[in-house]
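Q: This is coords-v6.csv, which holds CSV, C-alpha atoms and all ligand atoms:
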chain,number,residue,atom,x,y,z
B,79,MET,CA,99.7,66.9,130.8
B,80,ASN,CA,97.2,64.4,132.1
B,81,ASN,CA,96.2,66.2,135.2
B,82,PRO,CA,92.8,67.7,134.4
B,83,ARG,CA,93.2,70.2,137.1
B,84,TYR,CA,96.6,71.7,136.3
B,85,TRP,CA,97.2,71.7,132.7
B,86,ALA,CA,100.6,72.9,131.5
B,87,SER,CA,100.3,75.2,128.4
B,88,GLN,CA,103.0,75.4,125.8
B,89,TRP,CA,104.2,78.6,127.5
B,90,TYR,CA,103.6,78.4,131.2
B,91,ALA,CA,103.1,75.8,133.9
B,92,THR,CA,99.7,76.1,135.5
B,93,LYS,CA,100.8,75.1,139.0
B,94,PHE,CA,99.2,78.3,140.4
B,95,ALA,CA,95.7,77.0,139.5
B,96,GLU,CA,94.4,75.9,142.9
B,97,GLU,CA,91.1,75.4,144.7
B,98,PRO,CA,88.4,76.7,144.7
B,99,TRP,CA,88.6,76.6,140.9
B,100,PRO,CA,86.1,74.3,139.3
B,101,GLY,CA,87.6,71.1,137.8
B,102,GLY,CA,88.5,71.2,134.2
B,103,TRP,CA,91.3,72.2,131.8
B,104,TYR,CA,92.9,75.7,132.1
B,105,TRP,CA,95.5,77.8,130.3
B,106,HIS,CA,96.8,81.3,131.1
B,107,ASP,CA,98.1,84.2,129.2
B,108,HIS,CA,101.2,86.5,129.6
B,109,GLN,CA,99.4,88.4,132.4
B,110,TYR,CA,98.5,85.3,134.3
B,111,ASN,CA,94.8,85.6,133.4
B,112,TRP,CA,93.5,82.1,133.7
B,113,HIS,CA,91.1,80.8,131.0
B,114,GLY,CA,88.9,77.9,131.7
B,115,PRO,CA,87.5,75.5,132.8
B,116,PHE,CA,87.3,73.6,129.5
B,117,LYS,CA,85.7,70.2,129.6
B,118,ALA,CA,88.2,68.6,127.3
B,119,GLU,CA,91.9,69.2,126.9
B,120,ARG,CA,91.3,69.6,123.1
B,121,ASP,CA,88.9,72.5,123.7
B,122,ALA,CA,91.5,74.2,125.9
B,123,ALA,CA,94.2,73.7,123.3
B,124,VAL,CA,92.1,75.1,120.5
B,125,ALA,CA,91.3,78.2,122.7
B,126,LEU,CA,95.0,78.6,123.6
B,127,ARG,CA,96.1,78.3,120.0
B,128,ALA,CA,93.6,81.0,118.9
B,129,HIS,CA,94.9,83.2,121.6
B,130,GLN,CA,98.5,82.6,120.6
B,131,ALA,CA,97.8,83.4,117.0
B,132,GLN,CA,96.1,86.7,118.1
B,133,GLU,CA,99.1,87.6,120.2
B,134,ARG,CA,101.5,86.8,117.4
B,135,GLU,CA,99.6,89.1,115.1
B,136,ALA,CA,99.6,91.9,117.6
B,137,SER,CA,103.3,91.5,118.2
B,138,ASP,CA,104.1,91.4,114.5
B,139,GLU,CA,102.2,94.7,114.1
B,140,HIS,CA,104.1,96.1,117.1
B,141,GLU,CA,107.4,94.9,115.6
B,142,ARG,CA,106.5,96.5,112.2
B,143,THR,CA,105.5,99.9,113.6
B,144,ARG,CA,108.0,100.3,116.5
B,145,PRO,CA,110.5,103.1,115.9
B,146,HIS,CA,113.5,101.6,114.3
B,147,PHE,CA,114.7,104.5,112.3
B,148,GLY,CA,115.3,108.2,112.7
B,149,LEU,CA,113.9,110.6,110.1
B,150,TYR,CA,115.9,113.8,109.2
B,151,TYR,CA,113.4,116.1,107.6
B,152,HIS,CA,111.6,119.4,107.8
B,153,PRO,CA,107.8,119.7,107.8
B,154,ARG,CA,107.8,122.3,105.1
B,155,SER,CA,110.1,120.4,102.7
B,156,PRO,CA,108.0,118.9,99.9
B,157,TYR,CA,110.2,115.7,99.7
B,158,SER,CA,109.9,115.3,103.5
B,159,GLN,CA,106.2,115.7,103.2
B,160,LYS,CA,106.1,112.9,100.6
B,161,VAL,CA,107.9,110.5,103.0
B,162,LEU,CA,105.7,111.6,105.9
B,163,VAL,CA,102.6,110.8,104.0
B,164,ALA,CA,103.9,107.3,103.4
B,165,ILE,CA,104.8,106.9,107.1
B,166,TYR,CA,101.4,108.1,108.2
B,167,GLU,CA,99.7,105.8,105.6
B,168,LYS,CA,101.5,102.9,107.2
B,169,GLY,CA,101.2,103.9,110.8
B,170,LEU,CA,104.9,103.7,111.4
B,171,GLN,CA,106.8,105.3,114.4
B,172,PHE,CA,110.0,107.1,114.0
B,173,THR,CA,112.5,109.2,115.9
B,174,PRO,CA,112.1,112.8,114.4
B,175,HIS,CA,115.1,115.0,113.7
B,176,ILE,CA,114.0,118.3,112.2
B,177,VAL,CA,116.7,120.0,110.1
B,178,ASN,CA,116.4,123.6,109.0
B,179,MET,CA,118.4,123.7,105.8
B,180,MET,CA,118.2,127.5,105.7
B,181,ALA,CA,120.3,127.7,109.0
B,182,GLU,CA,123.9,127.3,108.1
B,183,GLY,CA,124.9,125.6,111.3
B,184,GLU,CA,122.2,122.9,111.0
B,185,ARG,CA,123.0,122.4,107.3
B,186,GLU,CA,126.7,121.9,108.1
B,187,GLN,CA,125.9,119.5,110.9
B,188,PHE,CA,123.6,117.5,108.7
B,189,ARG,CA,126.2,117.3,106.0
B,190,LYS,CA,128.4,115.4,108.5
B,191,ILE,CA,125.7,112.7,108.5
B,192,TYR,CA,124.9,112.8,104.8
B,193,PRO,CA,127.5,114.7,102.7
B,194,VAL,CA,125.0,115.5,99.9
B,195,GLY,CA,123.0,117.5,102.4
B,196,ARG,CA,119.5,116.8,101.1
B,197,ILE,CA,116.5,115.9,103.2
B,198,PRO,CA,114.6,113.6,103.8
B,199,LEU,CA,117.0,111.0,105.0
B,200,ILE,CA,116.3,108.0,107.2
B,201,VAL,CA,118.9,106.4,109.4
B,202,LEU,CA,118.2,102.8,110.5
B,203,ASN,CA,118.9,102.0,114.2
B,204,HIS,CA,121.6,99.6,113.1
B,205,GLY,CA,123.4,102.2,111.0
B,206,PRO,CA,122.5,102.3,107.3
B,207,LEU,CA,121.4,105.6,105.7
B,208,ILE,CA,118.6,105.6,103.3
B,209,PRO,CA,118.4,108.9,101.3
B,210,GLU,CA,116.1,109.9,98.4
B,211,SER,CA,112.3,110.1,99.1
B,212,SER,CA,111.3,107.4,96.5
B,213,ILE,CA,114.0,104.9,97.8
B,214,ILE,CA,112.9,105.6,101.4
B,215,ILE,CA,109.3,104.8,100.4
B,216,GLU,CA,110.4,101.6,98.7
B,217,TYR,CA,112.1,100.6,101.9
B,218,LEU,CA,109.1,101.6,104.1
B,219,ASP,CA,106.8,99.6,101.8
B,220,GLY,CA,108.8,96.5,102.6
B,221,LEU,CA,107.8,96.9,106.3
B,222,GLY,CA,104.3,95.9,105.5
B,223,GLY,CA,101.0,97.7,105.9
B,224,ALA,CA,98.9,98.9,103.0
B,225,PRO,CA,101.1,98.6,100.0
B,226,LEU,CA,102.2,101.8,98.2
B,227,ILE,CA,103.7,99.9,95.3
B,228,SER,CA,101.8,97.0,93.7
B,229,ASP,CA,103.1,93.4,93.4
B,230,ASN,CA,101.9,93.6,89.8
B,231,PRO,CA,105.1,94.6,87.8
B,232,ASP,CA,103.1,96.5,85.3
B,233,VAL,CA,101.2,98.6,87.8
B,234,ALA,CA,104.5,99.0,89.8
B,235,ARG,CA,106.3,100.3,86.7
B,236,LYS,CA,103.6,102.9,86.1
B,237,THR,CA,103.6,103.9,89.8
B,238,ARG,CA,107.3,104.5,89.7
B,239,PHE,CA,107.1,106.4,86.4
B,240,LYS,CA,104.5,108.7,87.8
B,241,ASP,CA,106.5,109.2,91.0
B,242,ARG,CA,109.5,110.3,88.9
B,243,PHE,CA,107.4,112.3,86.5
B,244,ILE,CA,105.7,114.2,89.4
B,245,ASP,CA,109.0,114.9,91.2
B,246,PHE,CA,110.9,116.1,88.1
B,247,TYR,CA,108.1,118.0,86.2
B,248,LEU,CA,105.8,119.2,89.0
B,249,THR,CA,107.5,119.4,92.4
B,250,GLU,CA,110.7,120.8,91.0
B,251,PRO,CA,109.1,123.4,88.7
B,252,ILE,CA,106.7,124.5,91.4
B,253,ALA,CA,109.7,125.0,93.7
B,254,THR,CA,111.3,127.1,90.9
B,255,LEU,CA,108.1,129.2,90.6
B,256,PHE,CA,108.0,129.6,94.4
B,257,PHE,CA,111.6,130.8,94.6
B,258,GLU,CA,111.3,133.1,91.5
B,259,SER,CA,108.1,134.7,92.8
B,260,ARG,CA,110.0,135.8,95.9
B,261,LYS,CA,112.7,137.6,93.9
B,262,PRO,CA,112.5,141.3,93.0
B,263,ASP,CA,111.1,141.8,89.5
B,264,ALA,CA,114.5,142.8,88.1
B,265,GLU,CA,116.2,139.5,89.3
B,266,ARG,CA,113.5,137.1,88.0
B,267,ASP,CA,114.7,134.6,85.4
B,268,GLU,CA,111.9,134.6,82.8
B,269,ARG,CA,113.4,131.7,80.9
B,270,LYS,CA,113.4,129.5,84.0
B,271,ILE,CA,109.8,130.6,84.8
B,272,GLU,CA,108.6,129.7,81.3
B,273,GLU,CA,110.3,126.3,81.3
B,274,ALA,CA,108.8,125.6,84.8
B,275,ARG,CA,105.3,126.5,83.5
B,276,PHE,CA,105.8,124.4,80.4
B,277,HIS,CA,106.6,121.3,82.6
B,278,VAL,CA,103.7,121.9,85.0
B,279,LYS,CA,101.3,122.1,82.1
B,280,ALA,CA,102.7,118.8,80.7
B,281,VAL,CA,102.0,117.2,84.1
B,282,TYR,CA,98.5,118.7,84.2
B,283,ASP,CA,97.7,117.5,80.7
B,284,PHE,CA,99.0,114.0,81.4
B,285,LEU,CA,97.2,113.7,84.7
B,286,GLU,CA,93.9,115.1,83.3
B,287,TYR,CA,93.9,112.1,80.9
B,288,GLU,CA,95.1,109.5,83.5
B,289,LEU,CA,92.7,110.6,86.2
B,290,SER,CA,89.6,110.7,84.1
B,291,GLY,CA,88.7,107.1,85.1
B,292,SER,CA,90.5,106.6,88.4
B,293,THR,CA,90.5,107.9,91.9
B,294,TRP,CA,94.3,108.1,92.5
B,295,ALA,CA,97.3,108.9,90.2
B,296,ASN,CA,97.7,105.2,89.3
B,297,GLY,CA,94.4,103.6,89.6
B,298,ASP,CA,92.0,103.1,92.6
B,299,ALA,CA,94.7,102.3,95.2
B,300,PHE,CA,96.6,105.1,96.9
B,301,SER,CA,100.3,104.7,95.9
B,302,LEU,CA,103.8,106.1,95.9
B,303,SER,CA,102.7,108.4,93.0
B,304,ASP,CA,100.1,110.0,95.3
B,305,CYS,CA,102.7,110.5,98.1
B,306,SER,CA,104.7,112.5,95.5
B,307,ALA,CA,101.7,114.4,94.3
B,308,ALA,CA,100.6,115.2,97.9
B,309,ALA,CA,103.3,117.8,98.5
B,310,ALA,CA,103.3,119.3,95.0
B,311,PHE,CA,99.5,119.8,94.9
B,312,CYS,CA,99.6,121.6,98.2
B,313,TYR,CA,101.0,124.6,96.3
B,314,ALA,CA,100.6,123.9,92.6
B,315,GLY,CA,97.3,125.6,92.2
B,316,ASP,CA,98.7,128.8,93.7
B,317,TYR,CA,101.2,129.1,90.9
B,318,MET,CA,99.2,127.5,88.0
B,319,PRO,CA,95.5,127.3,88.7
B,320,TYR,CA,93.6,124.2,87.5
B,321,ASP,CA,91.3,126.1,85.1
B,322,GLY,CA,90.4,123.7,82.3
B,323,TYR,CA,91.6,120.7,84.3
B,324,PRO,CA,88.5,119.4,86.2
B,325,ALA,CA,90.0,116.0,86.9
B,326,VAL,CA,93.2,117.5,88.2
B,327,SER,CA,91.2,119.9,90.3
B,328,ALA,CA,89.1,117.1,91.8
B,329,TYR,CA,92.2,115.0,92.4
B,330,ALA,CA,93.9,117.9,94.3
B,331,GLU,CA,90.7,118.1,96.5
B,332,ARG,CA,90.8,114.3,97.1
B,333,LEU,CA,94.4,114.6,98.2
B,334,ALA,CA,93.5,117.4,100.5
B,335,GLN,CA,90.9,115.2,102.2
B,336,ARG,CA,93.2,112.2,102.8
B,337,PRO,CA,93.9,112.0,106.6
B,338,SER,CA,97.6,111.3,106.1
B,339,ILE,CA,97.9,114.4,104.0
B,340,GLN,CA,95.8,116.5,106.3
B,341,ARG,CA,98.1,115.5,109.1
B,342,VAL,CA,101.1,116.6,107.2
B,343,ARG,CA,99.5,119.9,106.2
B,344,GLU,CA,98.3,120.6,109.8
B,345,GLU,CA,101.9,120.1,111.0
B,346,VAL,CA,103.0,122.8,108.5
B,347,ALA,CA,100.1,125.1,109.5
B,348,ALA,CA,101.0,124.7,113.2
B,349,ARG,CA,104.5,126.2,112.7
B,350,SER,CA,105.2,129.7,113.7
B,351,ASP,CA,107.8,130.3,110.9
B,352,ASN,CA,105.5,129.8,108.0
B,353,ILE,CA,106.1,131.5,104.6
B,354,ALA,CA,103.1,133.5,103.2
B,355,ARG,CA,101.4,131.9,100.2
B,356,PRO,CA,101.4,134.1,97.1
B,357,SER,CA,98.4,136.5,96.7
B,358,SER,CA,96.5,135.6,93.6
W,1,LIG,N1,115.7,113.8,95.0
W,1,LIG,C1,115.7,114.2,96.4
W,1,LIG,C2,115.4,115.7,96.6
W,1,LIG,C3,115.6,116.1,98.0
W,1,LIG,C4,115.6,117.6,98.1
W,1,LIG,O1,115.8,118.4,97.1
W,1,LIG,N2,115.4,118.1,99.3
W,1,LIG,C5,115.4,119.6,99.6
W,1,LIG,C6,114.3,119.9,100.5
W,1,LIG,S1,112.7,119.6,99.8
W,1,LIG,C7,116.7,119.9,100.3
W,1,LIG,O2,117.2,119.1,101.1
W,1,LIG,N3,117.3,121.1,100.0
W,1,LIG,C8,118.4,121.6,100.7
W,1,LIG,C9,119.5,122.0,99.8
W,1,LIG,O3,119.4,121.8,98.6
W,1,LIG,O4,120.5,122.5,100.3
W,1,LIG,C10,114.6,113.3,97.1
W,1,LIG,O5,113.6,112.9,96.5
W,1,LIG,O6,114.7,113.1,98.4
Have the structure of the file written as structure tokens, please.
A:
Amino acid sequence: MNNPRYWASQWYATKFAEEPWPGGWYWHDHQYNWHGPFKAERDAAVALRAHQAQEREASDEHERTRPHFGLYYHPRSPYSQKVLVAIYEKGLQFTPHIVNMMAEGEREQFRKIYPVGRIPLIVLNHGPLIPESSIIIEYLDGLGGAPLISDNPDVARKTRFKDRFIDFYLTEPIATLFFESRKPDAERDERKIEEARFHVKAVYDFLEYELSGSTWANGDAFSLSDCSAAAAFCYAGDYMPYDGYPAVSAYAERLAQRPSIQRVREEVAARSDNIARPSS
């Protein structure tokens, strides 16, 4: 440590530093790039520590985002879209497994992995299964990146409530309206349609009030509730227009502009097996 010419860093010996290098203190990085000379050992040590901190940050980010789970999903499934939005918001990598639940063989195969047979599902590399879109997002949120659920228990409670409220009373009824609209007139279940419309209206009424002073469903930070809304609002206006709901309409537009959501929608648009939207 006292040789001003060949200074041993905390990581690597510097025995390769030879003439004609100017005298002074040196350190080198992983790629054997030499840094120096520094007049004093202390200056070299400060530079080395700053470099190490930068590398640690980079490798933490790498560790956080590297693929360590497989996602079973379908780009057109609303609950898969909800999880994809969260994944893209956080910049995480994953191993994709697209499952077409309409194809009997694929459905049966998938049920061997998860007997309930619902997508999305994530499978961690070391084995555990994590089903249910909201639980998946809770898990992903623990991996760091921009938080989707606040540390503040009161804000978190409202985010979780809106997530459930949107799934149960918007995503599900919109799916009902979608499936009913595809049936021949004689087979349509008017009672189901009426109930679905009643619930969608309840969500619009609630959100019109909640959104009047905020950008996103639960305040000014994009959250789990917006991941849930992203998929539902892709189709909601086709089945129940936003007439009389200016805040809901503006919110649907903001969702459509969000890069993570645009990416999810582009993936749907790029598929050749798309289902036609209803003609209004
Ligand atoms: N509560 C579940 C709902 C998942 C769900 O209903 N997924 C649909 C696709 S969006 C599905 O797998 N349907 C296949 C089936 O019911 O056979 C979640 O939040 O993940």
Q: Can you measure CA of Ala299 (chain B) to CA of Leu170 (chain B) for me? One decimal in Å is fine.
A: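 Pair CA of Ala299 (chain B) / CA of Leu170 (chain B) returns 19.2 Å.
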Q: Interatomic distance between CA of Gly102 (chain B) and CA of Lys117 (chain B)?
A: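 Computing it gives 5.5 Å between the two atoms.
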Q: Please identify the residues whose atoms come within 6 Å of ligand LIG 1 (chain W), using only C-alpha atoms and all ligand atoms, and report them as a list of chain:residue names.
A: B:Ser155, B:Pro156, B:Tyr157, B:Met179, B:Gly195, B:Arg196, B:Ile197, B:Pro198, B:Glu210, B:Ser211, B:Ser212
Q: May I ask for the distance between CA of Thr254 (chain B) and CA of Asn178 (chain B), given in Å to one decimal place?
A: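 According to the coordinates, CA of Thr254 (chain B) and CA of Asn178 (chain B) are separated by 19.1 Å.
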Q: Show which residues sit within 8 Å of region 279-291 of chain B, as a PyMOL selection string. Count all atoms listed in the file, and ignore same-chain residues fewer than 6 positions away.
A: chain B and resi 243-244+247-248+297+323-326+329
Q: Export C-alpha atoms of the chosen residues as an mmCIF file, in the coordinates of the input?
A:
data_model
loop_
_atom_site.group_PDB
_atom_site.id
_atom_site.type_symbol
_atom_site.label_atom_id
_atom_site.label_comp_id
_atom_site.auth_asym_id
_atom_site.auth_seq_id
_atom_site.Cartn_x
_atom_site.Cartn_y
_atom_site.Cartn_z
ATOM 1 C CA PHE B 243 107.400 112.300 86.500
ATOM 2 C CA ILE B 244 105.700 114.200 89.400
ATOM 3 C CA TYR B 247 108.100 118.000 86.200
ATOM 4 C CA LEU B 248 105.800 119.200 89.000
ATOM 5 C CA GLY B 297 94.400 103.600 89.600
ATOM 6 C CA TYR B 323 91.600 120.700 84.300
ATOM 7 C CA PRO B 324 88.500 119.400 86.200
ATOM 8 C CA ALA B 325 90.000 116.000 86.900
ATOM 9 C CA VAL B 326 93.200 117.500 88.200
ATOM 10 C CA TYR B 329 92.200 115.000 92.400
#
Q: Would you list the contacts of Arg142 (chain B) as a tab-separated table (two decimals) with C-alpha atoms, in the coordinates of the input, taking every protein, DNA or RNA residue within 9 Å and counting only C-alpha atoms, but skipping same-chain residues closer than 6 positions in sequence?
A:
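See out_15.tsv below for the written result:
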chain	number	residue	atom	x	y	z
B	170	LEU	CA	104.90	103.70	111.40
B	221	LEU	CA	107.80	96.90	106.30
B	222	GLY	CA	104.30	95.90	105.50
B	223	GLY	CA	101.00	97.70	105.90
Q: So which one's closest to Tyr317 (chain B), B:Ser137, B:Thr249, B:Ser228, B:Ser301? Using all atoms listed in the file, please.
A: B:Thr249
Q: Take region 267-331 of chain B from the block and save it with C-alpha atoms, as a JSON list (two decimals), in the first residue's frame.
A:
[["chain", "number", "residue", "atom", "x", "y", "z"],
["B", 267, "ASP", "CA", -79.19, -12.30, -21.03],
["B", 268, "GLU", "CA", -80.81, -8.88, -20.51],
["B", 269, "ARG", "CA", -80.72, -9.19, -16.73],
["B", 270, "LYS", "CA", -76.94, -9.75, -16.82],
["B", 271, "ILE", "CA", -76.51, -6.81, -19.20],
["B", 272, "GLU", "CA", -78.56, -4.52, -16.98],
["B", 273, "GLU", "CA", -76.59, -5.50, -13.88],
["B", 274, "ALA", "CA", -73.27, -4.99, -15.72],
["B", 275, "ARG", "CA", -74.34, -1.51, -16.88],
["B", 276, "PHE", "CA", -75.46, -0.66, -13.35],
["B", 277, "HIS", "CA", -71.99, -1.50, -12.00],
["B", 278, "VAL", "CA", -70.11, 0.33, -14.75],
["B", 279, "LYS", "CA", -72.22, 3.42, -14.04],
["B", 280, "ALA", "CA", -71.39, 3.13, -10.31],
["B", 281, "VAL", "CA", -67.66, 3.11, -11.18],
["B", 282, "TYR", "CA", -68.00, 6.09, -13.56],
["B", 283, "ASP", "CA", -69.92, 8.04, -10.88],
["B", 284, "PHE", "CA", -67.30, 7.24, -8.25],
["B", 285, "LEU", "CA", -64.32, 8.03, -10.48],
["B", 286, "GLU", "CA", -65.88, 11.24, -11.82],
["B", 287, "TYR", "CA", -65.87, 12.48, -8.23],
["B", 288, "GLU", "CA", -62.44, 11.05, -7.28],
["B", 289, "LEU", "CA", -60.70, 12.30, -10.45],
["B", 290, "SER", "CA", -61.96, 15.85, -10.27],
["B", 291, "GLY", "CA", -58.82, 16.97, -8.40],
["B", 292, "SER", "CA", -56.23, 14.38, -9.33],
["B", 293, "THR", "CA", -54.31, 13.05, -12.31],
["B", 294, "TRP", "CA", -54.52, 9.34, -11.54],
["B", 295, "ALA", "CA", -57.10, 7.11, -9.89],
["B", 296, "ASN", "CA", -55.60, 7.59, -6.46],
["B", 297, "GLY", "CA", -53.89, 10.96, -6.49],
["B", 298, "ASP", "CA", -51.00, 12.33, -8.47],
["B", 299, "ALA", "CA", -48.85, 9.18, -8.50],
["B", 300, "PHE", "CA", -49.56, 6.39, -10.99],
["B", 301, "SER", "CA", -50.48, 3.32, -8.94],
["B", 302, "LEU", "CA", -51.86, -0.22, -8.81],
["B", 303, "SER", "CA", -55.37, 1.24, -9.31],
["B", 304, "ASP", "CA", -54.30, 2.71, -12.65],
["B", 305, "CYS", "CA", -52.83, -0.64, -13.76],
["B", 306, "SER", "CA", -56.32, -2.14, -13.17],
["B", 307, "ALA", "CA", -58.02, 0.76, -14.94],
["B", 308, "ALA", "CA", -55.64, 0.59, -17.94],
["B", 309, "ALA", "CA", -57.15, -2.60, -19.33],
["B", 310, "ALA", "CA", -60.77, -1.82, -18.48],
["B", 311, "PHE", "CA", -60.63, 1.65, -20.05],
["B", 312, "CYS", "CA", -59.26, 0.24, -23.26],
["B", 313, "TYR", "CA", -62.78, -1.06, -24.02],
["B", 314, "ALA", "CA", -65.14, 0.57, -21.50],
["B", 315, "GLY", "CA", -66.05, 3.53, -23.74],
["B", 316, "ASP", "CA", -67.07, 1.14, -26.54],
["B", 317, "TYR", "CA", -69.79, -0.35, -24.32],
["B", 318, "MET", "CA", -70.72, 2.63, -22.14],
["B", 319, "PRO", "CA", -69.61, 5.99, -23.57],
["B", 320, "TYR", "CA", -68.29, 8.65, -21.18],
["B", 321, "ASP", "CA", -71.07, 11.16, -22.02],
["B", 322, "GLY", "CA", -71.63, 13.35, -18.96],
["B", 323, "TYR", "CA", -68.35, 12.17, -17.37],
["B", 324, "PRO", "CA", -65.69, 14.70, -18.45],
["B", 325, "ALA", "CA", -63.18, 13.72, -15.75],
["B", 326, "VAL", "CA", -63.51, 10.01, -16.60],
["B", 327, "SER", "CA", -63.14, 10.78, -20.29],
["B", 328, "ALA", "CA", -59.98, 12.86, -19.69],
["B", 329, "TYR", "CA", -58.60, 10.09, -17.44],
["B", 330, "ALA", "CA", -59.18, 7.46, -20.17],
["B", 331, "GLU", "CA", -57.23, 9.72, -22.54]]
